[in-house]
$ cat entry_29.pdb   # PDB, C-alpha atoms
MODEL        1
ATOM      1  CA  MET A 145       0.000   0.000   0.000
ATOM      2  CA  GLN A 146       2.828   2.411   0.886
ATOM      3  CA  MET A 147       4.551   1.628  -2.420
ATOM      4  CA  LYS A 148       1.316   2.401  -4.285
ATOM      5  CA  LYS A 149       1.006   5.745  -2.491
ATOM      6  CA  LEU A 150       4.641   6.569  -3.229
ATOM      7  CA  ARG A 151       4.180   5.648  -6.888
ATOM      8  CA  GLY A 152       1.010   7.742  -7.059
ATOM      9  CA  ASN A 153       2.699  10.756  -5.461
ATOM     10  CA  LEU A 154       5.668  10.496  -7.838
ATOM     11  CA  MET A 155       3.284  10.342 -10.805
ATOM     12  CA  LEU A 156       1.510  13.463  -9.537
ATOM     13  CA  LEU A 157       4.859  15.211  -9.101
ATOM     14  CA  LEU A 158       5.679  14.367 -12.727
ATOM     15  CA  THR A 159       2.243  15.701 -13.731
ATOM     16  CA  ALA A 160       2.906  19.011 -11.955
ATOM     17  CA  LEU A 161       6.331  19.223 -13.623
ATOM     18  CA  ILE A 162       4.834  18.640 -17.082
ATOM     19  CA  TRP A 163       2.031  21.168 -16.543
ATOM     20  CA  GLY A 164       4.349  23.797 -15.085
ATOM     21  CA  SER A 165       6.962  23.545 -17.828
ATOM     22  CA  ALA A 166       4.207  23.591 -20.456
ATOM     23  CA  PHE A 167       3.903  27.346 -19.842
ATOM     24  CA  VAL A 168       7.354  27.693 -21.428
ATOM     25  CA  ALA A 169       6.322  25.513 -24.382
ATOM     26  CA  GLN A 170       3.223  27.663 -24.856
ATOM     27  CA  THR A 171       5.345  30.820 -24.874
ATOM     28  CA  VAL A 172       7.996  29.463 -27.248
ATOM     29  CA  GLY A 173       5.362  28.065 -29.611
ATOM     30  CA  MET A 174       3.943  31.522 -30.231
ATOM     31  CA  ASP A 175       7.240  32.624 -31.755
ATOM     32  CA  HIS A 176       5.928  30.788 -34.827
ATOM     33  CA  VAL A 177       2.127  30.585 -34.658
ATOM     34  CA  GLY A 178      -0.766  32.554 -33.185
ATOM     35  CA  PRO A 179      -2.445  31.612 -29.884
ATOM     36  CA  PHE A 180      -5.546  30.068 -31.484
ATOM     37  CA  THR A 181      -3.488  28.051 -33.971
ATOM     38  CA  PHE A 182      -1.379  26.734 -31.098
ATOM     39  CA  ASN A 183      -4.438  25.794 -29.051
ATOM     40  CA  CYS A 184      -6.326  24.255 -31.961
ATOM     41  CA  VAL A 185      -3.544  21.843 -32.893
ATOM     42  CA  ARG A 186      -2.667  21.190 -29.258
ATOM     43  CA  MET A 187      -6.221  20.274 -28.242
ATOM     44  CA  PHE A 188      -6.777  17.936 -31.186
ATOM     45  CA  LEU A 189      -3.503  16.201 -30.321
ATOM     46  CA  GLY A 190      -4.584  15.860 -26.697
ATOM     47  CA  ALA A 191      -7.866  14.283 -27.758
ATOM     48  CA  LEU A 192      -6.152  11.883 -30.160
ATOM     49  CA  VAL A 193      -3.729  10.762 -27.448
ATOM     50  CA  LEU A 194      -6.654   9.841 -25.177
ATOM     51  CA  LEU A 195      -8.421   7.696 -27.800
ATOM     52  CA  PRO A 196      -6.087   4.673 -27.386
ATOM     53  CA  VAL A 197      -6.241   5.168 -23.598
ATOM     54  CA  ILE A 198     -10.036   4.890 -23.751
ATOM     55  CA  ALA A 199      -9.817   1.801 -25.981
ATOM     56  CA  TRP A 200      -7.291   0.146 -23.672
ATOM     57  CA  ARG A 201      -9.359   0.843 -20.545
ATOM     58  CA  GLU A 202     -12.512  -0.602 -22.082
ATOM     59  CA  GLU A 203     -10.680  -3.671 -23.361
ATOM     60  CA  HIS A 204      -9.145  -4.423 -19.964
ATOM     61  CA  ASN A 205     -12.184  -3.357 -17.949
ATOM     62  CA  PRO A 206     -15.452  -3.855 -19.883
ATOM     63  CA  ALA A 207     -17.348  -2.595 -16.823
ATOM     64  CA  ASN A 208     -16.284   0.907 -17.856
ATOM     65  CA  LYS A 209     -18.855   0.720 -20.627
ATOM     66  CA  LYS A 210     -21.614   0.560 -18.032
ATOM     67  CA  ALA A 211     -19.904   2.583 -15.330
ATOM     68  CA  HIS A 212     -21.711   4.675 -12.740
ATOM     69  CA  GLY A 213     -24.913   2.625 -13.051
ATOM     70  CA  LEU A 214     -26.437   4.961 -15.649
ATOM     71  CA  PRO A 215     -28.733   3.755 -18.414
ATOM     72  CA  GLU A 216     -26.767   3.435 -21.673
ATOM     73  CA  ASN A 217     -29.167   5.700 -23.568
ATOM     74  CA  GLY A 218     -28.935   8.392 -20.899
ATOM     75  CA  SER A 219     -25.236   8.229 -20.103
ATOM     76  CA  GLY A 220     -24.287   9.064 -23.704
ATOM     77  CA  ARG A 221     -26.302  12.290 -23.602
ATOM     78  CA  VAL A 222     -24.858  13.246 -20.210
ATOM     79  CA  LEU A 223     -21.346  12.503 -21.467
ATOM     80  CA  ALA A 224     -21.863  14.626 -24.592
ATOM     81  CA  ALA A 225     -23.397  17.496 -22.618
ATOM     82  CA  GLY A 226     -20.613  17.379 -20.044
ATOM     83  CA  GLY A 227     -17.829  17.149 -22.612
ATOM     84  CA  ILE A 228     -19.172  20.039 -24.668
ATOM     85  CA  SER A 229     -19.855  22.213 -21.607
ATOM     86  CA  CYS A 230     -16.383  21.594 -20.184
ATOM     87  CA  GLY A 231     -14.916  22.122 -23.662
ATOM     88  CA  VAL A 232     -16.497  25.554 -23.961
ATOM     89  CA  MET A 233     -15.084  26.606 -20.581
ATOM     90  CA  LEU A 234     -11.712  25.094 -21.484
ATOM     91  CA  PHE A 235     -11.745  27.095 -24.723
ATOM     92  CA  LEU A 236     -12.349  30.335 -22.822
ATOM     93  CA  GLY A 237      -9.670  29.606 -20.224
ATOM     94  CA  SER A 238      -7.004  28.292 -22.591
ATOM     95  CA  SER A 239      -7.606  31.091 -25.132
ATOM     96  CA  LEU A 240      -7.253  33.816 -22.501
ATOM     97  CA  GLN A 241      -4.177  32.116 -21.081
ATOM     98  CA  GLN A 242      -2.528  31.639 -24.470
ATOM     99  CA  CYS A 243      -3.205  35.247 -25.495
ATOM    100  CA  GLY A 244      -1.971  36.492 -22.120
ATOM    101  CA  LEU A 245       1.309  34.603 -22.472
ATOM    102  CA  GLN A 246       2.190  36.902 -25.352
ATOM    103  CA  TYR A 247       2.538  39.761 -22.846
ATOM    104  CA  THR A 248       3.643  38.155 -19.573
ATOM    105  CA  THR A 249       6.119  35.537 -18.339
ATOM    106  CA  PRO A 250       5.406  31.806 -17.888
ATOM    107  CA  GLY A 251       6.143  32.122 -14.157
ATOM    108  CA  LYS A 252       3.609  34.887 -13.596
ATOM    109  CA  ALA A 253       1.063  33.081 -15.746
ATOM    110  CA  GLY A 254       1.532  29.885 -13.742
ATOM    111  CA  PHE A 255       0.834  31.541 -10.413
ATOM    112  CA  ILE A 256      -2.048  33.716 -11.619
ATOM    113  CA  THR A 257      -3.719  30.735 -13.327
ATOM    114  CA  ALA A 258      -3.437  28.744 -10.088
ATOM    115  CA  LEU A 259      -5.705  31.299  -8.403
ATOM    116  CA  TYR A 260      -8.636  29.161  -9.583
ATOM    117  CA  VAL A 261      -7.904  27.008  -6.511
ATOM    118  CA  VAL A 262      -8.871  29.989  -4.342
ATOM    119  CA  LEU A 263     -11.684  31.173  -6.619
ATOM    120  CA  VAL A 264     -13.526  27.834  -6.810
ATOM    121  CA  PRO A 265     -14.713  27.818  -3.157
ATOM    122  CA  ILE A 266     -15.663  31.500  -3.491
ATOM    123  CA  ALA A 267     -17.730  30.711  -6.579
ATOM    124  CA  GLY A 268     -19.398  27.989  -4.532
ATOM    125  CA  LEU A 269     -21.320  30.779  -2.752
ATOM    126  CA  ALA A 270     -23.609  30.866  -5.795
ATOM    127  CA  PHE A 271     -24.549  27.246  -5.017
ATOM    128  CA  GLY A 272     -25.081  27.793  -1.307
ATOM    129  CA  ARG A 273     -21.660  26.504  -0.252
ATOM    130  CA  LYS A 274     -20.250  28.747   2.469
ATOM    131  CA  PRO A 275     -16.422  28.877   2.408
ATOM    132  CA  ARG A 276     -14.507  28.335   5.649
ATOM    133  CA  TRP A 277     -12.641  31.220   7.268
ATOM    134  CA  TRP A 278      -9.263  30.132   5.901
ATOM    135  CA  VAL A 279     -10.555  30.498   2.334
ATOM    136  CA  TRP A 280     -11.188  34.189   2.970
ATOM    137  CA  LEU A 281      -7.675  34.441   4.405
ATOM    138  CA  SER A 282      -6.403  32.769   1.230
ATOM    139  CA  VAL A 283      -8.210  35.385  -0.868
ATOM    140  CA  ALA A 284      -6.529  38.217   1.060
ATOM    141  CA  MET A 285      -3.107  36.551   0.807
ATOM    142  CA  SER A 286      -3.470  35.820  -2.901
ATOM    143  CA  ALA A 287      -4.531  39.424  -3.545
ATOM    144  CA  ALA A 288      -1.424  40.657  -1.709
ATOM    145  CA  GLY A 289       0.721  38.175  -3.609
ATOM    146  CA  LEU A 290      -0.806  39.238  -6.923
ATOM    147  CA  TRP A 291      -0.010  42.880  -6.104
ATOM    148  CA  LEU A 292       3.626  42.049  -5.355
ATOM    149  CA  LEU A 293       3.943  39.809  -8.411
ATOM    150  CA  CYS A 294       2.242  41.988 -11.025
ATOM    151  CA  MET A 295       1.888  45.588  -9.829
ATOM    152  CA  THR A 296       5.502  46.479 -10.505
ATOM    153  CA  GLY A 297       4.854  49.654 -12.490
ATOM    154  CA  ALA A 298       2.694  52.755 -12.325
ATOM    155  CA  GLU A 299       0.402  51.360 -15.025
ATOM    156  CA  GLY A 300      -0.859  48.550 -12.780
ATOM    157  CA  LEU A 301      -1.714  45.104 -14.142
ATOM    158  CA  SER A 302      -0.222  44.486 -17.574
ATOM    159  CA  LEU A 303      -2.417  43.310 -20.448
ATOM    160  CA  GLY A 304      -0.945  39.829 -20.186
ATOM    161  CA  ASP A 305      -1.499  39.586 -16.425
ATOM    162  CA  SER A 306      -5.087  40.822 -16.841
ATOM    163  CA  LEU A 307      -5.838  38.226 -19.532
ATOM    164  CA  VAL A 308      -4.398  35.425 -17.393
ATOM    165  CA  LEU A 309      -6.441  36.646 -14.408
ATOM    166  CA  LEU A 310      -9.566  36.358 -16.578
ATOM    167  CA  CYS A 311      -8.280  32.930 -17.574
ATOM    168  CA  ALA A 312      -8.255  31.929 -13.882
ATOM    169  CA  LEU A 313     -11.930  32.966 -13.680
ATOM    170  CA  ALA A 314     -12.720  30.870 -16.762
ATOM    171  CA  PHE A 315     -10.887  27.867 -15.309
ATOM    172  CA  THR A 316     -12.926  28.333 -12.131
ATOM    173  CA  GLY A 317     -16.038  27.801 -14.257
ATOM    174  CA  HIS A 318     -14.355  24.829 -15.912
ATOM    175  CA  ILE A 319     -13.614  23.205 -12.535
ATOM    176  CA  LEU A 320     -17.214  23.692 -11.377
ATOM    177  CA  CYS A 321     -18.477  22.253 -14.660
ATOM    178  CA  ALA A 322     -16.165  19.243 -14.415
ATOM    179  CA  ASP A 323     -17.113  18.801 -10.747
ATOM    180  CA  HIS A 324     -20.767  18.483 -11.791
ATOM    181  CA  PHE A 325     -20.295  16.034 -14.668
ATOM    182  CA  SER A 326     -17.268  13.922 -13.665
ATOM    183  CA  PRO A 327     -19.129  11.799 -11.060
ATOM    184  CA  LEU A 328     -21.750  10.941 -13.696
ATOM    185  CA  VAL A 329     -19.557   9.786 -16.598
ATOM    186  CA  ASP A 330     -16.167   8.316 -17.455
ATOM    187  CA  GLY A 331     -13.520  10.969 -16.735
ATOM    188  CA  VAL A 332     -11.148  10.111 -19.581
ATOM    189  CA  LYS A 333     -13.976  10.147 -22.143
ATOM    190  CA  LEU A 334     -15.168  13.466 -20.730
ATOM    191  CA  SER A 335     -11.695  14.912 -21.131
ATOM    192  CA  CYS A 336     -11.357  13.582 -24.677
ATOM    193  CA  ILE A 337     -14.633  15.223 -25.737
ATOM    194  CA  GLN A 338     -13.709  18.499 -24.068
ATOM    195  CA  PHE A 339     -10.384  18.555 -25.954
ATOM    196  CA  PHE A 340     -12.155  17.935 -29.260
ATOM    197  CA  THR A 341     -14.719  20.657 -28.456
ATOM    198  CA  CYS A 342     -11.991  23.146 -27.557
ATOM    199  CA  GLY A 343     -10.121  22.278 -30.758
ATOM    200  CA  VAL A 344     -13.208  22.880 -32.899
ATOM    201  CA  LEU A 345     -13.954  26.211 -31.194
ATOM    202  CA  SER A 346     -10.319  27.282 -31.652
ATOM    203  CA  PHE A 347     -10.443  26.450 -35.367
ATOM    204  CA  ILE A 348     -12.594  29.429 -36.384
ATOM    205  CA  PRO A 349     -10.434  32.188 -34.808
ATOM    206  CA  MET A 350      -7.376  30.237 -35.982
ATOM    207  CA  LEU A 351      -8.371  31.000 -39.578
ATOM    208  CA  LEU A 352      -8.048  34.732 -38.826
ATOM    209  CA  GLU A 353      -4.387  34.118 -37.976
ATOM    210  CA  HIS A 354      -3.782  32.743 -41.504
ATOM    211  CA  PRO A 355      -1.786  29.728 -40.316
ATOM    212  CA  ASN A 356       0.466  27.798 -42.668
ATOM    213  CA  LEU A 357       1.950  24.336 -42.427
ATOM    214  CA  GLY A 358       5.513  25.651 -42.331
ATOM    215  CA  ALA A 359       4.823  27.786 -39.252
ATOM    216  CA  ILE A 360       3.051  24.910 -37.504
ATOM    217  CA  LEU A 361       5.980  22.584 -38.240
ATOM    218  CA  SER A 362       8.373  25.219 -36.871
ATOM    219  CA  ALA A 363       6.395  25.124 -33.617
ATOM    220  CA  ALA A 364       6.120  21.323 -33.703
ATOM    221  CA  MET A 365       8.104  20.595 -30.526
ATOM    222  CA  PRO A 366       6.262  23.078 -28.252
ATOM    223  CA  ILE A 367       2.902  21.990 -29.717
ATOM    224  CA  LEU A 368       3.721  18.301 -29.265
ATOM    225  CA  TYR A 369       4.829  18.946 -25.690
ATOM    226  CA  ALA A 370       1.682  20.901 -24.824
ATOM    227  CA  GLY A 371      -0.657  18.601 -26.745
ATOM    228  CA  VAL A 372       0.724  15.122 -26.120
ATOM    229  CA  LEU A 373       2.451  15.503 -22.754
ATOM    230  CA  SER A 374       0.573  18.344 -21.035
ATOM    231  CA  SER A 375      -2.907  17.430 -22.260
ATOM    232  CA  GLY A 376      -2.933  13.698 -22.996
ATOM    233  CA  VAL A 377      -0.183  12.084 -20.898
ATOM    234  CA  ALA A 378      -0.354  14.358 -17.827
ATOM    235  CA  TYR A 379      -4.135  14.068 -17.579
ATOM    236  CA  THR A 380      -3.908  10.273 -17.763
ATOM    237  CA  LEU A 381      -1.158  10.254 -15.113
ATOM    238  CA  GLN A 382      -3.384  12.322 -12.829
ATOM    239  CA  ILE A 383      -6.345   9.956 -13.277
ATOM    240  CA  VAL A 384      -4.221   6.861 -12.565
ATOM    241  CA  ALA A 385      -2.259   8.404  -9.686
ATOM    242  CA  GLN A 386      -5.229   9.763  -7.745
ATOM    243  CA  LYS A 387      -6.568   6.238  -7.302
ATOM    244  CA  ASP A 388      -3.654   5.437  -4.995
ATOM    245  CA  THR A 389      -3.105   8.643  -3.055
ATOM    246  CA  ASP A 390      -4.932  10.916  -0.634
ATOM    247  CA  PRO A 391      -6.942  13.685  -2.378
ATOM    248  CA  THR A 392      -5.517  16.404  -0.120
ATOM    249  CA  VAL A 393      -1.953  15.247  -0.734
ATOM    250  CA  ALA A 394      -2.692  15.059  -4.458
ATOM    251  CA  SER A 395      -3.972  18.635  -4.598
ATOM    252  CA  LEU A 396      -0.944  19.918  -2.664
ATOM    253  CA  ILE A 397       1.486  18.156  -5.005
ATOM    254  CA  LEU A 398      -0.315  19.531  -8.062
ATOM    255  CA  CYS A 399       0.064  23.040  -6.579
ATOM    256  CA  LEU A 400       3.744  22.706  -7.442
ATOM    257  CA  GLU A 401       2.739  23.313 -11.069
ATOM    258  CA  SER A 402       3.058  27.063 -10.478
ATOM    259  CA  VAL A 403       6.495  26.652  -8.872
ATOM    260  CA  PHE A 404       7.701  24.557 -11.803
ATOM    261  CA  ALA A 405       6.421  27.260 -14.161
ATOM    262  CA  VAL A 406       8.714  29.824 -12.506
ATOM    263  CA  LEU A 407      11.673  27.417 -12.490
ATOM    264  CA  ALA A 408      11.148  26.456 -16.141
ATOM    265  CA  GLY A 409      10.911  30.117 -17.146
ATOM    266  CA  ALA A 410      14.161  30.871 -15.327
ATOM    267  CA  LEU A 411      16.061  27.852 -16.682
ATOM    268  CA  VAL A 412      14.850  27.864 -20.288
ATOM    269  CA  LEU A 413      13.990  31.502 -21.003
ATOM    270  CA  HIS A 414      16.306  33.086 -18.402
ATOM    271  CA  GLN A 415      13.374  35.036 -16.942
ATOM    272  CA  ILE A 416      14.689  35.469 -13.397
ATOM    273  CA  PRO A 417      12.036  36.878 -11.028
ATOM    274  CA  THR A 418      12.918  39.840  -8.831
ATOM    275  CA  GLY A 419      12.861  39.648  -5.046
ATOM    276  CA  ARG A 420       9.493  41.403  -5.022
ATOM    277  CA  GLU A 421       8.071  38.942  -7.542
ATOM    278  CA  LEU A 422       9.432  35.979  -5.576
ATOM    279  CA  ALA A 423       7.750  37.333  -2.423
ATOM    280  CA  GLY A 424       4.487  37.531  -4.376
ATOM    281  CA  CYS A 425       4.951  33.963  -5.591
ATOM    282  CA  VAL A 426       5.524  32.725  -2.034
ATOM    283  CA  LEU A 427       2.416  34.515  -0.736
ATOM    284  CA  MET A 428       0.278  33.170  -3.568
ATOM    285  CA  PHE A 429       1.632  29.634  -3.127
ATOM    286  CA  VAL A 430       0.834  29.667   0.606
ATOM    287  CA  ALA A 431      -2.655  31.018  -0.203
ATOM    288  CA  ILE A 432      -3.233  28.242  -2.753
ATOM    289  CA  VAL A 433      -2.148  25.556  -0.297
ATOM    290  CA  LEU A 434      -4.231  27.078   2.519
ATOM    291  CA  ALA A 435      -7.340  27.193   0.318
ATOM    292  CA  GLN A 436      -7.208  23.402  -0.039
ATOM    293  CA  ARG A 437      -7.240  22.722   3.694
ATOM    294  CA  GLU A 438     -10.126  20.442   4.596
TER     295      GLU A 438
ENDMDL
END
$ encode --input "entry_29.pdb" --output "structure tokens"
Amino acid sequence: MQMKKLRGNLMLLLTALIWGSAFVAQTVGMDHVGPFTFNCVRMFLGALVLLPVIAWREEHNPANKKAHGLPENGSGRVLAAGGISCGVMLFLGSSLQQCGLQYTTPGKAGFITALYVVLVPIAGLAFGRKPRWWVWLSVAMSAAGLWLLCMTGAEGLSLGDSLVLLCALAFTGHILCADHFSPLVDGVKLSCIQFFTCGVLSFIPMLLEHPNLGAILSAAMPILYAGVLSSGVAYTLQIVAQKDTDPTVASLILCLESVFAVLAGALVLHQIPTGRELAGCVLMFVAIVLAQRE
């Protein structure tokens, strides 16, 4: 049992590393293609990677076909509705994030995006869920951290930071949407449909960027990293790992995504944060961890 927990925690650590460093891949990729082109190709790749995973799971566990005790004629509609709904929210969040990365650093984007962890319990007020006192403390700490991290000039929040902050709001909606549908349907299938939906929605604005095959091939490595590893592989690792580890421990390990984003930005792009920005990162990280206290 201890070995299973250790294996699960290591898999989650790898997931956080992949997700955090993906912010660098997303930034580098836009040296060649526009944000919607990047997301369109990335999301289709993520969906395609999950197709063999779905086939393998059903072959080795036929019970998955009738999981959750739902009628077959009803579960398909719920799965489609959930996948499309989550895909729309994913499109909003990923589009805002990808556009914001044109004007801010991967490290800042990683920490600001992670604010959805604090925002989700606040949004729960709309559904009659009253947050505990430490969530409100997390909000105050994250606001202070955001000020230290982003308000470094007289102009206030930069365009990139503002877009990523809106992205955190969109991902809050995505989490609430996934929270509603994931207990009702197969999680991997839900994710696959949401990736396809996001890819389709990204296709229309992608045409306005006038993409060409040469530019896409020039961005092949960042797109493959974000699409195959960050979307397909990392999501599958998370699903498998969380079966063998404590949910609270899992959420705390995944918080390291934002830390890895800063480290990857410093190592690969040489974007070294200032002391003030590091203080903001520390405050926001503590706020994110505190918000997940049970």
$ resolve_selection --input "entry_29.pdb" --expression "the PyMOL selection byres ((chain A and resi 280) around 12)" --output "PyMOL selection string"
chain A and resi 262-266+274-279+281-287+431-432+434-436
$ closest_residue --input "entry_29.pdb" --among "A:Val406, A:Thr316, A:Val222, A:Ser302" --to "A:Leu236" --atoms "all atoms listed in the file"
A:Thr316
$ closest_residue --input "entry_29.pdb" --among "A:Leu194, A:Met365, A:Leu292, A:Val384" --to "A:Gly419" --atoms "only C-alpha atoms"
A:Leu292
$ residues_near_point --input "entry_29.pdb" --point "(-14.9, 5.7, -25.6)" --cutoff "10 Å" --atoms "all atoms listed in the file" --output "list in words"
Leu194, Leu195, Pro196, Val197, Ile198, Ala199, Trp200, Arg201, Glu202, Asn208, Lys209, Asp330, Val332, Lys333, Leu334, Cys336 and Ile337 of chain A
$ closest_residue --input "entry_29.pdb" --among "A:Leu407, A:Leu259, A:Ala394, A:Ile367" --to "A:Phe429" --atoms "all atoms listed in the file"
A:Leu259
$ resolve_selection --input "entry_29.pdb" --expression "the PyMOL selection byres ((chain A and resi 368) around 10)" --output "list in words"
Ala169, Gly173, Val185, Arg186, Leu189, Gly190, Ala363, Ala364, Met365, Pro366, Ile367, Tyr369, Ala370, Gly371, Val372, Leu373, Ser374 and Ser375 of chain A
$ closest_atom_pairs --input "entry_29.pdb" --of "stretch 216-323 of chain A" --to "stretch 397-401 of chain A" --cutoff "9 Å" --atoms "all atoms listed in the file" --output "tab-separated table"
residue	atom	partner	partner_atom	distance
A:Gly254	CA	A:Glu401	CA	7.2
A:Phe255	CA	A:Glu401	CA	8.5
A:Ala258	CA	A:Cys399	CA	7.6
A:Val261	CA	A:Cys399	CA	8.9
$ resolve_selection --input "entry_29.pdb" --expression "the PyMOL selection byres ((chain A and resi 159) around 8)" --output "PyMOL selection string"
chain A and resi 155-158+160-163+374+378-379+381-382+398
$ atom_distance --input "entry_29.pdb" --atom1 "atom CA of A:Met428" --atom2 "atom CA of A:Leu290"
7.0 Å
$ closest_residue --input "entry_29.pdb" --among "A:Ala385, A:Leu396, A:Val308, A:Ala322" --to "A:Leu245" --atoms "all atoms listed in the file"
A:Val308
$ axis_aligned_box --input "entry_29.pdb" --around "stretch 403-418 of chain A" --padding-each-side "3 Å" --output "AutoDock Vina command-line options"
--center_x 11.4 --center_y 32.2 --center_z -14.9 --size_x 15.9 --size_y 21.3 --size_z 18.2
$ atom_distance --input "entry_29.pdb" --atom1 "atom CA of A:Lys252" --atom2 "atom CA of A:Gly268"
25.7 Å
$ atom_distance --input "entry_29.pdb" --atom1 "atom CA of A:Ile228" --atom2 "atom CA of A:Leu192"
16.3 Å
$ closest_residue --input "entry_29.pdb" --among "A:Pro417, A:Gly376, A:Gly231, A:Pro179" --to "A:Phe339" --atoms "all atoms listed in the file"
A:Gly231
$ residues_around --input "entry_29.pdb" --residues "A:Leu293" --least-positions-apart "5" --cutoff "7 Å" --atoms "all atoms listed in the file" --output "PyMOL selection string"
chain A and resi 420-421+424-425
$ residues_around --input "entry_29.pdb" --residues "A:Thr257" --least-positions-apart "6" --cutoff "9 Å" --atoms "only C-alpha atoms" --output "VMD selection string"
chain A and resid 241 308 to 313 315 402
